[in-house]
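The structure appears below as structure tokens.
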Number of protein chains: 4
Amino acid sequence: MKKNKPKYKQIIDAAVEVIAENGYHASQVSKIAKKAGVADGTIYLYFQNKEDILVSVFQEKMGQFIERIKDDIAKKSNANEKLYSLIEMHFRQLAVDHHLAVVTQLELRQSKKDLRLQINEVLKGYIAIIDEILHEGVEEGLYHSELNITLVRQMIFGTLDEVVTNWVMKEEKYDLIAQASDVHYFITNGIKK
Amino acid sequence: MKKNKPKYKQIIDAAVEVIAENGYHASQVSKIAKKAGVADGTIYLYFQNKEDILVSVFQEKMGQFIERIKDDIAKKSNANEKLYSLIEMHFRQLAVDHHLAVVTQLELRQSKKDLRLQINEVLKGYIAIIDEILHEGVEEGLYHSELNITLVRQMIFGTLDEVVTNWVMKEEKYDLIAQASDVHYFITNGIKK
Amino acid sequence: MKKNKPKYKQIIDAAVEVIAENGYHASQVSKIAKKAGVADGTIYLYFQNKEDILVSVFQEKMGQFIERIKDDIAKKSNANEKLYSLIEMHFRQLAVDHHLAVVTQLELRQSKKDLRLQINEVLKGYIAIIDEILHEGVEEGLYHSELNITLVRQMIFGTLDEVVTNWVMKEEKYDLIAQASDVHYFITNGIKK
Amino acid sequence: MKKNKPKYKQIIDAAVEVIAENGYHASQVSKIAKKAGVADGTIYLYFQNKEDILVSVFQEKMGQFIERIKDDIAKKSNANEKLYSLIEMHFRQLAVDHHLAVVTQLELRQSKKDLRLQINEVLKGYIAIIDEILHEGVEEGLYHSELNITLVRQMIFGTLDEVVTNWVMKEEKYDLIAQASDVHYFITNGIKK
DNA sequence: AATGAATGAGCATTCATTCAT
DNA sequence: GATGAATGAATGCTCATTCAT
């Protein structure tokens, strides 16, 4: 399995760094290879082409991202606590990994449509978690029984994504994680008095 | 003023069409020129460079977009009605202009970071409207007095943006405008029972 | 019509020179552009791709080659004289144009199969001339009435081609044109006493 | 002697197959190695480089080719019968080995000039046989005493080569061996009545 | 002897922009 | 103002060959 070989991970990590530092369009394969400490050709022993590197970056990193949220949620006893946990972990994981935040919020969005479609596939796993929490919340009687789950899920995801993107574009000058409780309050209670 | 000359508008409209039909990366200047019925070189009499065309597309189209929302809001008597109006108009305007929806939600996001920064400048006008409504709502005693306006504005924008993007990616198969009331309800009341 | 513009011919001629001097595989587009005194990109205003340059080289040069033979043959009064004329002109034209001889006999043979197929299309015009002479000779009672024309044409072409190739590979150290009469004698009378 | 080891022959045979099936340019060393059932590196224990494989293919196969013709000729009692035998065997051997025909007539011609020079070395053995027959024929009083042997040999070889190439390019749809007697007649008697 | 992972040089093509007419 | 021919920088990928095991 190539994914467990050390060079695979070296290249993935190099790609994140190179993209974060140089931007998506200035991230040549040769630059990634150099940062990873391998020859250009070696890249192609582990990845089909440049796009495959980028998709794999997202898969690997988001895979961990989602996994950690799942683990954290598993410890919570009700939907509302799980939702808070998801928000907090979402923010925390991007707050502690500057490179990853820049890459996911800004750089990878510049990719071509078909790469973005593959990225969306990866995000389905995340979407599923949100859906599950919402269903659970309805069953537990915490959330409205007639909740339009598909729509609410989009709103939650859009909210989290925009908040993180803003924070990255403001050069991460304030405490992202500290926003978690306000965001959670807003999602559950809305803005009405 | 170049902006009032007919060729300026021809080029802007050609750009929207070309991008919507061919995608961002396949939208060469020569293609836009051809669609606009002018020579390649003529483009550069009206725009500094390719990026300037795209920024101008956004400015022109979003300028109208925002203006129409402003007009509609002016008729409403309280913040909550204005918020509903904003959501409904946001959805409505993109729902009726397929090309514009594809260009703003999908294609223009593939642009380089500095173009996106310029796009954000344009969006500040929209942000200001949301802020104003929120302030008004607080003053009217409709919204929480200690509302974190900066954060809530991001959440509202993120929500609207994600809902529209999803609709575009689902090939606009359902009624976007019909989502407005659910979205408004969620924003004001949250998901809690 | 692009074929009549001066740059078209410049590029064709540059290509012949570059291929003759550097060999087929070392003939980069940039080298041809430089020799032609145009920018790399200009090549692509006149040719679809690299292969198109090479096919066009053959078409242009062989077009002239065949045309001159036709003109010369037209002056002759019987098939046998025409055949001699064809042999002599075939040798003469390659003997006076060293670059062309190297390119047609050695370099262009290294091309991919599909380029060679296109080259064969061009050669059909030459084949047709040989066929015509043979038919005429039969009608005139000069050649065997039951002549297997398809086969004989292959033999004539193979003979001429091999004789020229040998001459090029022997670095053109002897007089190719002087071979014409022996070759003609052999083709008409064979080797038997 | 490496040439007698089993892997040497395995690699040679794999090369012929791979080239015949995939074409010259798509015949990577790794593909030949795989077909031969050895590792890529093993190739280089038996051959100096890729070109050396191809030269060796030609040497081995043409060695047999020439040997069989020699054997057949030895049984004949005069030059003219020997010439017929050479033509017939030339056609027969390529007619029965489709792979070899494709490789020698089409694929190996795409090789670089210096490989073609080495191939010519191998062909000298064949040339020598033709020369010998011609000399014999002159001595026997069958052929013209003042025969330009160097030239005639080129013509014979060119004729045979072109006839076979045509047959291969016409996808071997007709009987090549059946052409032998017409070719022999043409070479000895020419086309004149 | 045999392996196969690693190497790294080499090149066709696109397209935003210019400027002579 | 308008044209459009010409420019030239910039880069992902292949594959013959090596060499540590």
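Chain identifiers are assigned as A, B, and so on, following the order in which chains appear in the structure tokens; residues are numbered from 1 within each chain, and ligands are numbered from 1 in order of appearance.
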
Report task. Give as a PyMOL selection string every residue of chain F that touches chain B within 12 Å, counting only C-alpha atoms (C1' of nucleotides). Result -> chain F and resi 1-5

Could those residues be written to a file, using all heavy atoms, as a short mmCIF file (atom, residue, chain, number, x, y, z; two decimals), in the first residue's frame?
```
data_model
loop_
_atom_site.label_atom_id
_atom_site.label_comp_id
_atom_site.auth_asym_id
_atom_site.auth_seq_id
_atom_site.Cartn_x
_atom_site.Cartn_y
_atom_site.Cartn_z
P DG F 1 -11.07 56.00 -26.91
OP1 DG F 1 -10.30 54.98 -27.52
OP2 DG F 1 -11.61 56.12 -25.72
"O5'" DG F 1 -11.92 56.67 -28.12
"C5'" DG F 1 -11.20 56.80 -29.30
"C4'" DG F 1 -11.90 55.95 -30.35
"O4'" DG F 1 -11.14 56.01 -31.55
"C3'" DG F 1 -11.94 54.46 -30.00
"O3'" DG F 1 -13.03 53.85 -30.67
"C2'" DG F 1 -10.63 53.95 -30.52
"C1'" DG F 1 -10.48 54.78 -31.78
N9 DG F 1 -9.07 55.09 -32.08
C8 DG F 1 -8.18 55.78 -31.31
N7 DG F 1 -6.99 55.87 -31.85
C5 DG F 1 -7.11 55.17 -33.04
C6 DG F 1 -6.15 54.92 -34.05
O6 DG F 1 -4.97 55.26 -34.08
N1 DG F 1 -6.71 54.18 -35.09
C2 DG F 1 -8.01 53.74 -35.15
N2 DG F 1 -8.35 53.03 -36.24
N3 DG F 1 -8.90 53.97 -34.22
C4 DG F 1 -8.39 54.69 -33.19
P DA F 2 -13.47 52.29 -30.37
OP1 DA F 2 -14.88 52.10 -30.74
OP2 DA F 2 -13.00 51.97 -29.01
"O5'" DA F 2 -12.59 51.47 -31.42
"C5'" DA F 2 -12.91 51.59 -32.80
"C4'" DA F 2 -12.09 50.60 -33.60
"O4'" DA F 2 -10.74 51.10 -33.72
"C3'" DA F 2 -11.98 49.21 -32.98
"O3'" DA F 2 -12.42 48.28 -33.97
"C2'" DA F 2 -10.51 49.04 -32.63
"C1'" DA F 2 -9.83 50.03 -33.57
N9 DA F 2 -8.59 50.62 -33.08
C8 DA F 2 -8.39 51.25 -31.88
N7 DA F 2 -7.16 51.71 -31.71
C5 DA F 2 -6.52 51.36 -32.89
C6 DA F 2 -5.21 51.56 -33.35
N6 DA F 2 -4.26 52.20 -32.65
N1 DA F 2 -4.89 51.09 -34.57
C2 DA F 2 -5.83 50.45 -35.27
N3 DA F 2 -7.10 50.21 -34.95
C4 DA F 2 -7.38 50.69 -33.74
P DT F 3 -12.47 46.67 -33.67
OP1 DT F 3 -13.58 46.10 -34.44
OP2 DT F 3 -12.38 46.46 -32.21
"O5'" DT F 3 -11.11 46.20 -34.32
"C5'" DT F 3 -10.88 46.51 -35.71
"C4'" DT F 3 -9.46 46.13 -36.08
"O4'" DT F 3 -8.53 46.96 -35.34
"C3'" DT F 3 -9.08 44.69 -35.71
"O3'" DT F 3 -8.98 43.96 -36.91
"C2'" DT F 3 -7.75 44.80 -34.97
"C1'" DT F 3 -7.33 46.24 -35.22
N1 DT F 3 -6.55 46.89 -34.13
C2 DT F 3 -5.24 47.20 -34.36
O2 DT F 3 -4.66 46.95 -35.40
N3 DT F 3 -4.61 47.82 -33.31
C4 DT F 3 -5.15 48.16 -32.07
O4 DT F 3 -4.48 48.72 -31.22
C5 DT F 3 -6.53 47.80 -31.89
C7 DT F 3 -7.23 48.10 -30.60
C6 DT F 3 -7.16 47.18 -32.92
P DG F 4 -9.54 42.43 -36.98
OP1 DG F 4 -10.25 42.28 -38.27
OP2 DG F 4 -10.24 42.12 -35.72
"O5'" DG F 4 -8.18 41.61 -37.03
"C5'" DG F 4 -7.05 42.10 -37.73
"C4'" DG F 4 -5.78 41.44 -37.18
"O4'" DG F 4 -5.24 42.28 -36.12
"C3'" DG F 4 -6.00 40.06 -36.53
"O3'" DG F 4 -4.81 39.28 -36.66
"C2'" DG F 4 -6.16 40.40 -35.06
"C1'" DG F 4 -5.11 41.48 -34.94
N9 DG F 4 -5.25 42.34 -33.79
C8 DG F 4 -6.28 42.40 -32.89
N7 DG F 4 -6.09 43.29 -31.95
C5 DG F 4 -4.86 43.83 -32.24
C6 DG F 4 -4.12 44.83 -31.57
O6 DG F 4 -4.42 45.46 -30.56
N1 DG F 4 -2.91 45.09 -32.21
C2 DG F 4 -2.46 44.47 -33.35
N2 DG F 4 -1.28 44.84 -33.81
N3 DG F 4 -3.14 43.53 -33.98
C4 DG F 4 -4.33 43.27 -33.37
P DA F 5 -4.62 38.30 -37.90
OP1 DA F 5 -5.30 38.87 -39.08
OP2 DA F 5 -4.95 36.95 -37.42
"O5'" DA F 5 -3.05 38.38 -38.11
"C5'" DA F 5 -2.48 39.55 -38.73
"C4'" DA F 5 -1.06 39.76 -38.23
"O4'" DA F 5 -1.08 40.39 -36.92
"C3'" DA F 5 -0.24 38.48 -38.06
"O3'" DA F 5 1.11 38.80 -38.39
"C2'" DA F 5 -0.40 38.13 -36.58
"C1'" DA F 5 -0.50 39.51 -35.94
N9 DA F 5 -1.36 39.59 -34.75
C8 DA F 5 -2.54 38.91 -34.52
N7 DA F 5 -3.11 39.21 -33.38
C5 DA F 5 -2.26 40.15 -32.82
C6 DA F 5 -2.30 40.88 -31.61
N6 DA F 5 -3.28 40.75 -30.71
N1 DA F 5 -1.29 41.74 -31.35
C2 DA F 5 -0.32 41.87 -32.27
N3 DA F 5 -0.17 41.25 -33.44
C4 DA F 5 -1.18 40.40 -33.65
#
```

**Report entry** Within 10 Å of Ile133 of chain A using only C-alpha atoms (C1' of nucleotides), minus same-chain residues under 6 positions, as an NGL selection string
**Finding:** :A and (73 or 78-83 or 86 or 139 or 153)

Restricting it to N, CA, C and O atoms, dump the selection as a CSV table (one decimal), in the first residue's frame.
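What follows is the written file part.csv:
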```
chain,number,residue,atom,x,y,z
A,73,ILE,N,-16.9,13.7,19.3
A,73,ILE,CA,-18.3,13.7,19.4
A,73,ILE,C,-18.8,12.5,20.2
A,73,ILE,O,-19.8,12.5,21.0
A,78,ASN,N,-25.4,14.3,24.3
A,78,ASN,CA,-26.6,14.7,23.5
A,78,ASN,C,-26.2,15.5,22.3
A,78,ASN,O,-25.1,16.0,22.2
A,79,ALA,N,-27.2,15.7,21.5
A,79,ALA,CA,-26.9,16.3,20.2
A,79,ALA,C,-26.4,17.7,20.3
A,79,ALA,O,-25.5,18.2,19.6
A,80,ASN,N,-26.9,18.4,21.3
A,80,ASN,CA,-26.5,19.8,21.4
A,80,ASN,C,-25.0,19.9,21.8
A,80,ASN,O,-24.3,20.8,21.3
A,81,GLU,N,-24.6,19.0,22.7
A,81,GLU,CA,-23.2,19.0,23.1
A,81,GLU,C,-22.3,18.6,21.9
A,81,GLU,O,-21.2,19.1,21.7
A,82,LYS,N,-22.9,17.6,21.2
A,82,LYS,CA,-22.1,17.2,20.0
A,82,LYS,C,-22.0,18.3,19.0
A,82,LYS,O,-20.9,18.5,18.4
A,83,LEU,N,-23.0,19.1,18.8
A,83,LEU,CA,-22.9,20.2,17.9
A,83,LEU,C,-21.9,21.2,18.3
A,83,LEU,O,-21.0,21.7,17.5
A,86,LEU,N,-18.5,19.8,17.6
A,86,LEU,CA,-18.2,19.8,16.2
A,86,LEU,C,-17.7,21.2,15.8
A,86,LEU,O,-16.6,21.4,15.1
A,139,GLU,N,-34.7,13.6,17.5
A,139,GLU,CA,-35.2,12.5,18.2
A,139,GLU,C,-35.2,12.7,19.7
A,139,GLU,O,-36.0,12.3,20.5
A,153,ARG,N,-28.3,21.9,7.5
A,153,ARG,CA,-26.9,21.4,7.3
A,153,ARG,C,-26.1,22.3,6.5
A,153,ARG,O,-25.0,22.7,6.8
```

Query raised in the report: Quick one: distance from atom C1' of DT21 of chain F to atom C1' of DG8 of chain E in Å, one decimal?
Result: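 Going from atom C1' of DT21 of chain F over to atom C1' of DG8 of chain E covers 22.5 Å.
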
Requested in this report: Using only C-alpha atoms (C1' of nucleotides), find the one residue out of C:Glu171, C:Asp182, C:Glu51, C:Glu67 that sits nearest to chain E.
Outcome: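 Once distances to chain E are computed over only C-alpha atoms (C1' of nucleotides), the minimum belongs to C:Glu51.
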
Report task. For chain E, report every residue with an atom at most 10 Å from chain B (counting only C-alpha atoms (C1' of nucleotides)), formatted as a ChimeraX atom specification. Result -> /E:15-19

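Rounded to one decimal, atom CA of Lys75 of chain D and atom CA of Leu100 of chain D lie 25.7 Å from each other.
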
Requested in this report: Can you pull out every residue within 10 Å of Val102 of chain C, counting only C-alpha atoms (C1' of nucleotides), but drop anything in the same chain fewer than 5 positions away, and send it as a count of residues only?
Outcome: 15

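Atom CA of Val138 of chain A is positioned 19.7 Å from atom CA of His184 of chain B.
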
How close does chain C get to chain D? List, as CSV, each residue of chain C within 6 Å, its nearest atom pair and the distance in Å to one decimal, counting only C-alpha atoms.
```
residue,atom,partner,partner_atom,distance
C:Gln110,CA,D:Gln110,CA,3.7
C:Ser111,CA,D:Gln110,CA,5.8
C:Leu142,CA,D:Lys193,CA,5.9
C:Tyr143,CA,D:Lys192,CA,4.5
C:His144,CA,D:Lys193,CA,4.8
C:Gln154,CA,D:Val163,CA,5.9
C:Met155,CA,D:Thr159,CA,4.4
C:Gly158,CA,D:Gly158,CA,4.5
C:Thr159,CA,D:Met155,CA,4.5
C:Glu162,CA,D:Gly158,CA,4.9
C:Val163,CA,D:Gln154,CA,5.9
C:Ile187,CA,D:Gly190,CA,5.1
C:Thr188,CA,D:Gly190,CA,4.4
C:Asn189,CA,D:Gly190,CA,4.1
C:Gly190,CA,D:Gly190,CA,3.9
C:Ile191,CA,D:Thr188,CA,4.8
C:Lys192,CA,D:Tyr143,CA,4.5
C:Lys193,CA,D:His144,CA,4.8
```

Requested in this report: Enumerate as a VMD selection string all residues of chain D assigned to helix (DSSP H, G or I) by DSSP on the backbone, naming them with the chain letters and numbers the document uses.
Outcome: chain D and resid 2 to 4 6 to 22 29 to 36 40 to 46 50 to 74 79 to 96 98 to 110 113 to 139 149 to 169 177 to 189

Report task. Using only C-alpha atoms (C1' of nucleotides), determine which residues lie at most 12 Å from Lys9 of chain A, disregarding the query and same-chain residues fewer than 6 positions distant; provide the list as number ranges by chain. Result -> A: 2-3, 15-16, 36-38, 43, 46-47, 53, 56-57, 60-61
